[in-house]
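Next comes protein07.txt, a file with compact mmCIF, N, CA and C atoms.
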```txt
# COMPACT_ATOMS: atom_id res chain seq x y z
N MET A 1 290.59 -68.12 -112.19
CA MET A 1 290.30 -69.26 -113.05
C MET A 1 290.01 -70.52 -112.22
N ARG A 2 290.79 -70.70 -111.16
CA ARG A 2 290.62 -71.87 -110.31
C ARG A 2 289.25 -71.86 -109.64
N GLN A 3 288.77 -70.66 -109.28
CA GLN A 3 287.46 -70.54 -108.64
C GLN A 3 286.36 -70.99 -109.61
N TRP A 4 286.45 -70.61 -110.87
CA TRP A 4 285.44 -71.01 -111.87
C TRP A 4 285.47 -72.51 -112.09
N ARG A 5 286.66 -73.07 -112.05
CA ARG A 5 286.79 -74.52 -112.24
C ARG A 5 286.11 -75.28 -111.11
N SER A 6 286.26 -74.84 -109.86
CA SER A 6 285.62 -75.52 -108.73
C SER A 6 284.11 -75.33 -108.77
N ILE A 7 283.63 -74.16 -109.21
CA ILE A 7 282.19 -73.93 -109.35
C ILE A 7 281.62 -74.82 -110.44
N ALA A 8 282.32 -74.94 -111.56
CA ALA A 8 281.85 -75.79 -112.66
C ALA A 8 281.84 -77.25 -112.23
N LYS A 9 282.86 -77.69 -111.46
CA LYS A 9 282.90 -79.07 -110.99
C LYS A 9 281.74 -79.36 -110.03
N GLU A 10 281.45 -78.43 -109.13
CA GLU A 10 280.34 -78.61 -108.21
C GLU A 10 279.00 -78.63 -108.96
N ALA A 11 278.85 -77.78 -109.95
CA ALA A 11 277.62 -77.77 -110.75
C ALA A 11 277.46 -79.08 -111.51
N MET A 12 278.53 -79.61 -112.05
CA MET A 12 278.46 -80.88 -112.77
C MET A 12 278.14 -82.03 -111.81
N ASP A 13 278.71 -82.01 -110.62
CA ASP A 13 278.40 -83.05 -109.62
C ASP A 13 276.93 -83.02 -109.24
N ARG A 14 276.38 -81.84 -109.01
CA ARG A 14 274.96 -81.72 -108.66
C ARG A 14 274.07 -82.12 -109.83
N ALA A 15 274.43 -81.72 -111.04
CA ALA A 15 273.65 -82.10 -112.22
C ALA A 15 273.68 -83.62 -112.40
N SER A 16 274.82 -84.24 -112.12
CA SER A 16 274.94 -85.70 -112.23
C SER A 16 274.02 -86.38 -111.23
N ILE A 17 273.93 -85.88 -110.02
CA ILE A 17 273.04 -86.45 -109.00
C ILE A 17 271.59 -86.32 -109.44
N ILE A 18 271.23 -85.18 -109.97
CA ILE A 18 269.84 -84.96 -110.43
C ILE A 18 269.50 -85.89 -111.58
N VAL A 19 270.41 -86.05 -112.53
CA VAL A 19 270.16 -86.94 -113.67
C VAL A 19 270.02 -88.38 -113.20
N LYS A 20 270.87 -88.81 -112.27
CA LYS A 20 270.76 -90.18 -111.73
C LYS A 20 269.44 -90.39 -111.02
N PHE A 21 269.00 -89.40 -110.25
CA PHE A 21 267.72 -89.50 -109.56
C PHE A 21 266.56 -89.59 -110.56
N LEU A 22 266.59 -88.77 -111.60
CA LEU A 22 265.52 -88.81 -112.61
C LEU A 22 265.51 -90.14 -113.36
N CYS A 23 266.67 -90.71 -113.63
CA CYS A 23 266.73 -92.03 -114.26
C CYS A 23 266.13 -93.10 -113.35
N LEU A 24 266.48 -93.07 -112.07
CA LEU A 24 265.91 -94.01 -111.10
C LEU A 24 264.40 -93.85 -111.00
N LEU A 25 263.92 -92.62 -110.99
CA LEU A 25 262.49 -92.35 -110.94
C LEU A 25 261.78 -92.90 -112.17
N HIS A 26 262.37 -92.73 -113.34
CA HIS A 26 261.78 -93.25 -114.58
C HIS A 26 261.71 -94.77 -114.57
N VAL A 27 262.79 -95.42 -114.20
CA VAL A 27 262.82 -96.89 -114.16
C VAL A 27 261.80 -97.41 -113.15
N THR A 28 261.73 -96.79 -111.99
CA THR A 28 260.76 -97.20 -110.97
C THR A 28 259.34 -97.05 -111.49
N ASP A 29 259.03 -95.92 -112.11
CA ASP A 29 257.68 -95.65 -112.61
C ASP A 29 257.31 -96.57 -113.78
N ALA A 30 258.25 -96.89 -114.64
CA ALA A 30 257.95 -97.69 -115.83
C ALA A 30 257.95 -99.19 -115.55
N TYR A 31 258.78 -99.67 -114.63
CA TYR A 31 258.96 -101.11 -114.49
C TYR A 31 258.63 -101.69 -113.11
N VAL A 32 258.49 -100.88 -112.08
CA VAL A 32 258.26 -101.42 -110.75
C VAL A 32 256.89 -101.03 -110.23
N VAL A 33 256.65 -99.76 -110.01
CA VAL A 33 255.37 -99.30 -109.46
C VAL A 33 255.10 -97.88 -109.95
N SER A 34 253.82 -97.59 -110.21
CA SER A 34 253.42 -96.25 -110.61
C SER A 34 252.04 -95.97 -110.03
N SER A 35 251.64 -94.72 -110.08
CA SER A 35 250.30 -94.36 -109.62
C SER A 35 249.42 -94.12 -110.84
N ASN A 36 248.12 -94.36 -110.66
CA ASN A 36 247.18 -94.20 -111.76
C ASN A 36 245.84 -93.75 -111.18
N HIS A 37 245.16 -92.87 -111.88
CA HIS A 37 243.84 -92.40 -111.46
C HIS A 37 242.79 -93.22 -112.20
N VAL A 38 241.94 -93.91 -111.45
CA VAL A 38 240.88 -94.73 -112.06
C VAL A 38 239.53 -94.21 -111.59
N LEU A 39 238.56 -94.22 -112.50
CA LEU A 39 237.22 -93.78 -112.15
C LEU A 39 236.20 -94.52 -113.00
N GLY A 40 234.97 -94.51 -112.53
CA GLY A 40 233.89 -95.16 -113.25
C GLY A 40 233.14 -96.14 -112.38
N PRO A 41 231.95 -96.53 -112.81
CA PRO A 41 231.09 -97.38 -111.98
C PRO A 41 231.39 -98.86 -112.05
N SER A 42 232.23 -99.30 -112.96
CA SER A 42 232.39 -100.74 -113.16
C SER A 42 233.07 -101.46 -111.99
N MET A 43 233.80 -100.76 -111.16
CA MET A 43 234.52 -101.40 -110.06
C MET A 43 233.92 -101.11 -108.69
N LEU A 44 232.67 -100.62 -108.65
CA LEU A 44 232.00 -100.39 -107.36
C LEU A 44 231.80 -101.70 -106.65
N PRO A 45 231.86 -101.84 -105.38
CA PRO A 45 232.21 -100.84 -104.37
C PRO A 45 233.70 -100.79 -104.06
N THR A 46 234.53 -101.56 -104.77
CA THR A 46 235.96 -101.58 -104.47
C THR A 46 236.60 -100.21 -104.72
N LEU A 47 236.29 -99.61 -105.87
CA LEU A 47 236.83 -98.30 -106.21
C LEU A 47 235.70 -97.30 -106.30
N ASN A 48 235.96 -96.08 -105.90
CA ASN A 48 234.97 -95.01 -105.85
C ASN A 48 234.56 -94.56 -107.25
N ILE A 49 233.30 -94.24 -107.45
CA ILE A 49 232.80 -93.83 -108.76
C ILE A 49 233.39 -92.49 -109.20
N THR A 50 233.72 -91.62 -108.24
CA THR A 50 234.28 -90.32 -108.58
C THR A 50 235.78 -90.37 -108.84
N GLY A 51 236.39 -91.49 -108.58
CA GLY A 51 237.81 -91.66 -108.89
C GLY A 51 238.65 -91.95 -107.67
N ASP A 52 239.60 -92.83 -107.85
CA ASP A 52 240.58 -93.17 -106.82
C ASP A 52 241.96 -93.20 -107.47
N VAL A 53 242.96 -92.91 -106.66
CA VAL A 53 244.35 -93.05 -107.10
C VAL A 53 244.84 -94.38 -106.56
N VAL A 54 245.33 -95.24 -107.45
CA VAL A 54 245.81 -96.56 -107.05
C VAL A 54 247.29 -96.69 -107.41
N LEU A 55 247.99 -97.50 -106.63
CA LEU A 55 249.38 -97.84 -106.95
C LEU A 55 249.34 -99.10 -107.81
N VAL A 56 249.99 -99.05 -108.94
CA VAL A 56 250.02 -100.16 -109.88
C VAL A 56 251.42 -100.74 -109.88
N GLU A 57 251.52 -102.01 -109.49
CA GLU A 57 252.84 -102.66 -109.55
C GLU A 57 252.95 -103.42 -110.86
N HIS A 58 254.13 -103.37 -111.46
CA HIS A 58 254.34 -103.89 -112.81
C HIS A 58 255.10 -105.22 -112.84
N LEU A 59 255.24 -105.89 -111.71
CA LEU A 59 256.06 -107.10 -111.67
C LEU A 59 255.24 -108.39 -111.76
N SER A 60 254.03 -108.42 -111.19
CA SER A 60 253.26 -109.67 -111.12
C SER A 60 252.98 -110.28 -112.48
N HIS A 61 252.59 -109.47 -113.45
CA HIS A 61 252.29 -110.04 -114.76
C HIS A 61 253.54 -110.52 -115.47
N ARG A 62 254.69 -109.96 -115.14
CA ARG A 62 255.94 -110.39 -115.77
C ARG A 62 256.39 -111.76 -115.25
N ILE A 63 256.06 -112.08 -114.00
CA ILE A 63 256.49 -113.36 -113.43
C ILE A 63 255.32 -114.34 -113.30
N GLY A 64 254.15 -113.98 -113.83
CA GLY A 64 253.02 -114.91 -113.87
C GLY A 64 252.32 -115.10 -112.54
N LYS A 65 252.23 -114.08 -111.73
CA LYS A 65 251.62 -114.20 -110.40
C LYS A 65 250.23 -113.55 -110.34
N LEU A 66 249.48 -113.57 -111.43
CA LEU A 66 248.12 -113.04 -111.43
C LEU A 66 247.15 -114.14 -111.03
N GLY A 67 246.04 -113.76 -110.39
CA GLY A 67 245.06 -114.76 -109.98
C GLY A 67 243.66 -114.18 -109.96
N SER A 68 242.69 -115.04 -109.71
CA SER A 68 241.31 -114.61 -109.64
C SER A 68 241.13 -113.57 -108.54
N GLY A 69 240.38 -112.52 -108.84
CA GLY A 69 240.14 -111.45 -107.89
C GLY A 69 241.09 -110.28 -108.02
N ASP A 70 242.19 -110.44 -108.75
CA ASP A 70 243.13 -109.34 -108.92
C ASP A 70 242.56 -108.29 -109.86
N LEU A 71 242.92 -107.04 -109.60
CA LEU A 71 242.56 -105.95 -110.50
C LEU A 71 243.70 -105.72 -111.47
N VAL A 72 243.36 -105.49 -112.73
CA VAL A 72 244.37 -105.22 -113.74
C VAL A 72 243.98 -103.97 -114.50
N LEU A 73 244.96 -103.25 -114.99
CA LEU A 73 244.73 -102.10 -115.84
C LEU A 73 245.17 -102.46 -117.25
N VAL A 74 244.28 -102.25 -118.21
CA VAL A 74 244.57 -102.58 -119.60
C VAL A 74 244.24 -101.38 -120.48
N ARG A 75 244.87 -101.32 -121.64
CA ARG A 75 244.56 -100.25 -122.60
C ARG A 75 243.26 -100.59 -123.32
N SER A 76 242.45 -99.58 -123.55
CA SER A 76 241.19 -99.77 -124.26
C SER A 76 241.48 -100.10 -125.72
N PRO A 77 240.82 -101.13 -126.28
CA PRO A 77 241.04 -101.43 -127.70
C PRO A 77 240.45 -100.36 -128.61
N LEU A 78 239.46 -99.61 -128.12
CA LEU A 78 238.84 -98.57 -128.93
C LEU A 78 239.59 -97.24 -128.86
N ASP A 79 240.17 -96.94 -127.71
CA ASP A 79 240.91 -95.70 -127.51
C ASP A 79 242.19 -96.02 -126.74
N PRO A 80 243.32 -96.20 -127.44
CA PRO A 80 244.57 -96.60 -126.77
C PRO A 80 245.07 -95.60 -125.72
N ASN A 81 244.56 -94.38 -125.73
CA ASN A 81 244.97 -93.40 -124.72
C ASN A 81 244.21 -93.58 -123.41
N LYS A 82 243.20 -94.45 -123.41
CA LYS A 82 242.36 -94.67 -122.24
C LYS A 82 242.76 -95.98 -121.56
N THR A 83 242.80 -95.98 -120.23
CA THR A 83 243.12 -97.16 -119.45
C THR A 83 241.86 -97.67 -118.77
N LEU A 84 241.60 -98.97 -118.88
CA LEU A 84 240.43 -99.59 -118.28
C LEU A 84 240.86 -100.41 -117.07
N THR A 85 240.03 -100.44 -116.04
CA THR A 85 240.29 -101.24 -114.85
C THR A 85 239.35 -102.44 -114.88
N LYS A 86 239.90 -103.64 -114.79
CA LYS A 86 239.10 -104.86 -114.83
C LYS A 86 239.54 -105.79 -113.70
N ARG A 87 238.63 -106.68 -113.32
CA ARG A 87 238.92 -107.69 -112.30
C ARG A 87 239.02 -109.05 -112.98
N ILE A 88 240.02 -109.84 -112.62
CA ILE A 88 240.16 -111.20 -113.14
C ILE A 88 239.14 -112.07 -112.42
N VAL A 89 238.21 -112.67 -113.17
CA VAL A 89 237.18 -113.51 -112.54
C VAL A 89 237.50 -114.99 -112.66
N ALA A 90 238.35 -115.36 -113.59
CA ALA A 90 238.70 -116.78 -113.75
C ALA A 90 240.07 -116.89 -114.41
N MET A 91 240.71 -118.03 -114.17
CA MET A 91 242.00 -118.32 -114.78
C MET A 91 241.83 -119.46 -115.78
N GLU A 92 242.90 -119.83 -116.46
CA GLU A 92 242.86 -120.90 -117.45
C GLU A 92 242.32 -122.19 -116.83
N GLY A 93 241.36 -122.80 -117.50
CA GLY A 93 240.79 -124.05 -117.05
C GLY A 93 239.62 -123.90 -116.10
N ASP A 94 239.35 -122.70 -115.59
CA ASP A 94 238.22 -122.47 -114.69
C ASP A 94 236.92 -122.45 -115.48
N ARG A 95 235.83 -122.89 -114.86
CA ARG A 95 234.50 -122.83 -115.46
C ARG A 95 233.80 -121.57 -114.99
N VAL A 96 233.27 -120.79 -115.96
CA VAL A 96 232.57 -119.55 -115.66
C VAL A 96 231.13 -119.69 -116.11
N THR A 97 230.20 -119.39 -115.22
CA THR A 97 228.77 -119.39 -115.54
C THR A 97 228.29 -117.95 -115.51
N PHE A 98 227.60 -117.53 -116.56
CA PHE A 98 227.11 -116.17 -116.63
C PHE A 98 225.71 -116.17 -117.22
N SER A 99 224.99 -115.09 -116.98
CA SER A 99 223.61 -114.97 -117.44
C SER A 99 223.53 -113.96 -118.57
N LEU A 100 222.92 -114.36 -119.68
CA LEU A 100 222.74 -113.44 -120.79
C LEU A 100 221.64 -112.42 -120.49
N ASP A 101 220.63 -112.84 -119.72
CA ASP A 101 219.53 -111.97 -119.33
C ASP A 101 219.30 -112.16 -117.83
N PRO A 102 219.72 -111.21 -117.01
CA PRO A 102 219.62 -111.39 -115.56
C PRO A 102 218.18 -111.55 -115.05
N THR A 103 217.19 -111.14 -115.84
CA THR A 103 215.80 -111.27 -115.38
C THR A 103 215.29 -112.69 -115.51
N ARG A 104 215.97 -113.50 -116.33
CA ARG A 104 215.56 -114.91 -116.51
C ARG A 104 216.71 -115.81 -116.09
N SER A 105 216.49 -116.63 -115.10
CA SER A 105 217.56 -117.47 -114.57
C SER A 105 217.88 -118.63 -115.49
N PHE A 106 216.97 -119.03 -116.39
CA PHE A 106 217.22 -120.17 -117.26
C PHE A 106 218.08 -119.80 -118.47
N SER A 107 218.45 -118.53 -118.63
CA SER A 107 219.23 -118.14 -119.80
C SER A 107 220.73 -118.07 -119.49
N SER A 108 221.19 -118.83 -118.50
CA SER A 108 222.61 -118.79 -118.16
C SER A 108 223.40 -119.75 -119.05
N ARG A 109 224.67 -119.42 -119.21
CA ARG A 109 225.58 -120.23 -120.00
C ARG A 109 226.83 -120.54 -119.16
N SER A 110 227.50 -121.58 -119.52
CA SER A 110 228.71 -121.97 -118.80
C SER A 110 229.81 -122.25 -119.82
N LEU A 111 230.98 -121.68 -119.59
CA LEU A 111 232.13 -121.84 -120.47
C LEU A 111 233.36 -122.17 -119.65
N VAL A 112 234.31 -122.85 -120.26
CA VAL A 112 235.62 -123.10 -119.64
C VAL A 112 236.62 -122.14 -120.26
N VAL A 113 237.38 -121.44 -119.41
CA VAL A 113 238.39 -120.51 -119.90
C VAL A 113 239.49 -121.32 -120.58
N PRO A 114 239.77 -121.02 -121.88
CA PRO A 114 240.75 -121.83 -122.60
C PRO A 114 242.18 -121.57 -122.11
N PHE A 115 243.04 -122.55 -122.34
CA PHE A 115 244.45 -122.43 -122.02
C PHE A 115 245.14 -121.65 -123.15
N SER A 116 246.07 -120.79 -122.79
CA SER A 116 246.81 -120.06 -123.82
C SER A 116 248.10 -120.83 -124.14
N PHE A 117 248.59 -120.65 -125.33
CA PHE A 117 249.80 -121.34 -125.75
C PHE A 117 250.92 -120.42 -125.98
```
Entire entry expressed as structure tokens:
Amino acid sequence: MRQWRSIAKEAMDRASIIVKFLCLLHVTDAYVVSSNHVLGPSMLPTLNITGDVVLVEHLSHRIGKLGSGDLVLVRSPLDPNKTLTKRIVAMEGDRVTFSLDPTRSFSSRSLVVPFSF
């Protein structure tokens, strides 16, 4: 009987270590850093068209440390199961000039990025 008790205690100790590790892995993946596969032509030449694996850190947006030039991953409004990769081109208060028709230079517009409340 004593032998079974020591085997059961050792099994419970090992199971406890595994559960703690899986909890740490989940928290790390959900709140600190995770990997994501991104593909498509919109981020050329920074990211490969056939797909790249990127590390995504989840802390910058929580503490407000995003800036122009940063890449962000967002959920698609049309398909919530799809993740889109976008680059921040301007922050609040910045002026953005863009062309509606790239073949005509006189068709450009300029807007100021509004402040959020």
Subject >> Selection near Ala90 (chain A), 6 Å with all atoms listed in the file, sequence-local residues under 3 positions removed, as a list in words >> reply: Ser68, Gly69 and Asp94 of chain A
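Relative to CA of Cys23 (chain A), atom N of Lys9 (chain A) is found at 21.8 Å.
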Original post:
If you run DSSP on this backbone, which residues of region 14-94 of chain A come out as strand (DSSP E or B), and could you give them as number ranges by chain?
Top reply: A: 33-38, 52-57, 71-75, 83-87
Original post:
Hey, can you check how far CA of Gln3 (chain A) sits from CA of Phe21 (chain A)?
Top reply: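 Pair CA of Gln3 (chain A) / CA of Phe21 (chain A) returns 27.4 Å.
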Find the spatial neighbours of Met91 (chain A), counting all atoms listed in the file, within a cut-off of 8 Å - ignore same-chain residues fewer than 3 positions away - and output them as a short mmCIF file (atom, residue, chain, number, x, y, z; two decimals) with N, CA and C atoms, in the frame of the given file.
```
data_model
loop_
_atom_site.label_atom_id
_atom_site.label_comp_id
_atom_site.auth_asym_id
_atom_site.auth_seq_id
_atom_site.Cartn_x
_atom_site.Cartn_y
_atom_site.Cartn_z
N LEU A 66 249.48 -113.57 -111.43
CA LEU A 66 248.12 -113.04 -111.43
C LEU A 66 247.15 -114.14 -111.03
N GLY A 67 246.04 -113.76 -110.39
CA GLY A 67 245.06 -114.76 -109.98
C GLY A 67 243.66 -114.18 -109.96
N SER A 68 242.69 -115.04 -109.71
CA SER A 68 241.31 -114.61 -109.64
C SER A 68 241.13 -113.57 -108.54
N GLY A 69 240.38 -112.52 -108.84
CA GLY A 69 240.14 -111.45 -107.89
C GLY A 69 241.09 -110.28 -108.02
N ILE A 88 240.02 -109.84 -112.62
CA ILE A 88 240.16 -111.20 -113.14
C ILE A 88 239.14 -112.07 -112.42
N ASP A 94 239.35 -122.70 -115.59
CA ASP A 94 238.22 -122.47 -114.69
C ASP A 94 236.92 -122.45 -115.48
N ARG A 95 235.83 -122.89 -114.86
CA ARG A 95 234.50 -122.83 -115.46
C ARG A 95 233.80 -121.57 -114.99
N VAL A 112 234.31 -122.85 -120.26
CA VAL A 112 235.62 -123.10 -119.64
C VAL A 112 236.62 -122.14 -120.26
N VAL A 113 237.38 -121.44 -119.41
CA VAL A 113 238.39 -120.51 -119.90
C VAL A 113 239.49 -121.32 -120.58
N PRO A 114 239.77 -121.02 -121.88
CA PRO A 114 240.75 -121.83 -122.60
C PRO A 114 242.18 -121.57 -122.11
N PHE A 115 243.04 -122.55 -122.34
CA PHE A 115 244.45 -122.43 -122.02
C PHE A 115 245.14 -121.65 -123.15
#
```
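Every protein, DNA or RNA residue with an atom at most 7 Å from Thr83 (chain A), where all atoms listed in the file count and chain neighbours fewer than 5 positions away do not, is listed here: Leu73, Val74, Arg75 and Ser76 of chain A.
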Subject >> Between CA of Phe98 (chain A) and atom C of Gly51 (chain A) - distance in Å to one decimal >> reply: 28.3 Å
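Distances to Ser42 (chain A) were evaluated for A:Arg87, A:Asn81, A:Ser6, A:Leu59 using only N, CA and C atoms, and the minimum falls at A:Arg87.
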**OP:** List every residue of region 27-63 of chain A that DSSP, applied to the backbone of this structure, places in alpha helix (DSSP H), and write the result as JSON, numbers by chain.
**Re:** {"A": [27, 60, 61, 62, 63]}
For the selection you just gave me, I'd like the residues written to a file as an mmCIF file, in the coordinates of the input, keeping N, CA and C atoms.
```cif
data_model
loop_
_atom_site.group_PDB
_atom_site.id
_atom_site.type_symbol
_atom_site.label_atom_id
_atom_site.label_comp_id
_atom_site.auth_asym_id
_atom_site.auth_seq_id
_atom_site.Cartn_x
_atom_site.Cartn_y
_atom_site.Cartn_z
ATOM 1 N N VAL A 27 262.790 -95.420 -114.200
ATOM 2 C CA VAL A 27 262.820 -96.890 -114.160
ATOM 3 C C VAL A 27 261.800 -97.410 -113.150
ATOM 4 N N SER A 60 254.030 -108.420 -111.190
ATOM 5 C CA SER A 60 253.260 -109.670 -111.120
ATOM 6 C C SER A 60 252.980 -110.280 -112.480
ATOM 7 N N HIS A 61 252.590 -109.470 -113.450
ATOM 8 C CA HIS A 61 252.290 -110.040 -114.760
ATOM 9 C C HIS A 61 253.540 -110.520 -115.470
ATOM 10 N N ARG A 62 254.690 -109.960 -115.140
ATOM 11 C CA ARG A 62 255.940 -110.390 -115.770
ATOM 12 C C ARG A 62 256.390 -111.760 -115.250
ATOM 13 N N ILE A 63 256.060 -112.080 -114.000
ATOM 14 C CA ILE A 63 256.490 -113.360 -113.430
ATOM 15 C C ILE A 63 255.320 -114.340 -113.300
#
```
**OP:** Using all atoms listed in the file, determine which residues lie at most 6 Å from Ser35 (chain A), disregarding the query and same-chain residues fewer than 3 positions distant; provide the list as a PyMOL selection string.
**Re:** chain A and resi 54-56
**OP:** Using all atoms listed in the file, determine which residues lie at most 8 Å from Ser34 (chain A), disregarding the query and same-chain residues fewer than 3 positions distant; provide the list as a PyMOL selection string.
**Re:** chain A and resi 28-31+37+54-58
Let me have the centre and edge lengths in Å, one decimal, of the box along x, y and z around every listed atom of region 70-83 of chain A with 8 Å of margin on each side, as JSON.
```
{"center_x": 242.0, "center_y": -101.9, "center_z": -118.8, "size_x": 22.3, "size_y": 33.0, "size_z": 36.2}
```
